[in-house]
Amino acid sequence: MNHLSEEELVLHCYGEAGDAAPVDQHLKECESCRSVYASLQRTLNVVDGMPVPERGADYGDLVWQRIASFVPRRSRRFLTSPWRWAAAGAAFATLLVAAFLLGRWNPRPPVTMQLTADPEAQQRLLTLAVADYLSRSQVVLVELANANTNGAVDISPEQDRVENLLTENRLYRQSAMHMGDAAIAAVLDDLERVLLEIEHAPSRLSAVQMDELRRQLHEDGILFKIRVLDSTVRTRDEHKL
Amino acid sequence: MEFADQAVVARARSGDAEAFRVLVERHSRGLFRLAFRMTGNESDAEDVVQETLLRAYRQLSKFDERASFGTWLYRIATNYALDVMRSHARRREQPPPLDTAADPLLSAPSADPTPDRLALSAEVRDRVTEAMDELSAAERTAFVLRHFEGMGIEDVSRILGCQPSAAKHSIFRAVQKLRRALDPLASTAR
């Protein structure tokens with residue numbers, strides 16, 4: 001066999017040379033070609049060191065903030081979906097109930113616009129609503145995590161509930177951010193991503209896809225975060241009472 | 001959760017901005033790495049990421065849902081980055097010096113602790129950057145797609161819009177130039 005050309009050696013490096021056996025055999029026998037091949041490998045090893053500035057896990061979110069204003073937001077199905085109305089109604093009802101309870105528990109005399117004027121009251125209102133919301137989210141995620149995977153699984157009932165939870169999530173997250181409660185806002189943000197993934201998944205998942213979903217839930221640690229936050233907000237509220 | 005890409009794209013095509021947000025969050029980091037390796041410049045790379053995603057949004061109706069959304073995005077990014085590189089062809093820009101502590105090469109443990117990697121110094125990294133800057137836009141793009149992104153020749157040629165033989169030749173020319181520039185250093189680093 002004649003000496004290998006540099007081009008053949010480059011293609012061999014990348015596994016694009018077709019039948020690799022004759023090339024390997026030649027490299028074993030030919031010191032000259034072996035030396036060129038080693039030089040190519042050294043070079044490519046060095047090139048692997050080309051520095052690339054790292055971007056953090058929140059980079060996608062930052063990019064989105066930059067381009068979001070160029071992406072027109074259409075309220076998809078919001079006005080036509082009864083689920084959305086039901087979800088919005090449920091969220092509003094949660095807030096009303098929380099406000100009512102707050103009024104009964106609060107020893108101070110009622111003040112006009114008290115809910116918006118008293119930061120502590122606002123905080124407790126949010127805490128109550130979020131605790132209830134987290135419990136319901138947890139139930140859906142646990143059901144998905146424990147779903148039977150002997151065959152394809154229809155997750156459309158869970159997706160309907162997730163759609164409702166997403167509507168509430170945005171409301172609570174915005175309130176938390178507005179009130180400077182970063183801990184609640186951060187977990188709700190993580191939860192929103194997970195819920196979005198579930199909402200956008202196909203409604204029938206194969207066993208493999210279900211395993212992937214479970215793995216993702218596990219890797220995100222979202223159930224753990226929810227339990228911790230749920231426990232924290234309930235404890236915080238008990239102390240305030 | 002890659003299995004959901006298709007479903008998310010379908011939602012985004014129907015005008016669901018939140019679905020498109022999921023795609024942005026999923027693909028931005030990969031796009032940035034590709035763009036930086038092609039342009040060698042951080043602000044150009046940021047520009048490529050942003051423009052790619054906006055172009056993708058505007059062209060979503062043209063996307064063939066049977067294809068890979070990631071590959072389609074990479075094609076848009078590559079084309080735009082090539083435009084940027086060609087427009088900068090006359091002025092070579094050095095990337096800003098990197099924080100050593102944030103350099104994944106130096107901080108991350110390598111599965112292959114060859115002497116080359118361990119001995120990489122700031123000087124070697126500068127030389128790698130310079131050598132990459134000496135490649136033509138087509139050579140650099142073909143090399144980045146093959147070497148860093150692990151794409152096959154067929155995919156590289158599809159993205160570059162050329163014959164596989166031309167893509168193969170661009171990769172070969174790139175490796176040849178890099179070897180001429182870097183082998184003396186690589187040999188000393190052994």
# chains A, B, ... in the order shown; residues from 1 in each chain; ligands from 1
call {"tool": "interface_residues", "arguments": {"of": "chain A", "to": "chain B", "cutoff": "7 Å", "atoms": "only C-alpha atoms", "output": "list in words"}}
result
Glu7, Val10, Ser39, Leu40, Arg42, Thr43, Asn45, Val46, Val47, Gly49, Met50, Pro51, Val52, Arg55, Tyr59, Gly60, Asp61, Val63, Trp64, Ile67, Val71, Arg73, Arg74, Arg76, His200, Ala201 and Pro202 of chain A
call {"tool": "residues_around", "arguments": {"residues": "Glu163 of chain A", "least_positions_apart": "4", "cutoff": "7 Å", "atoms": "only C-alpha atoms", "output": "compact mmCIF listing (two decimals) with C-alpha atoms, in the first residue's frame"}}
result
# COMPACT_ATOMS: atom_id res chain seq x y z
CA GLN A 159 -52.35 18.05 30.56
CA THR A 167 -52.66 30.06 34.32
CA GLU A 199 -48.39 20.74 28.46
call {"tool": "atom_distance", "arguments": {"atom1": "atom CA of Ala45 of chain B", "atom2": "atom CA of Leu82 of chain B"}}
result
11.4 Å
call {"tool": "atom_distance", "arguments": {"atom1": "atom CA of Asp83 of chain B", "atom2": "atom CA of Lys177 of chain B"}}
result
22.2 Å
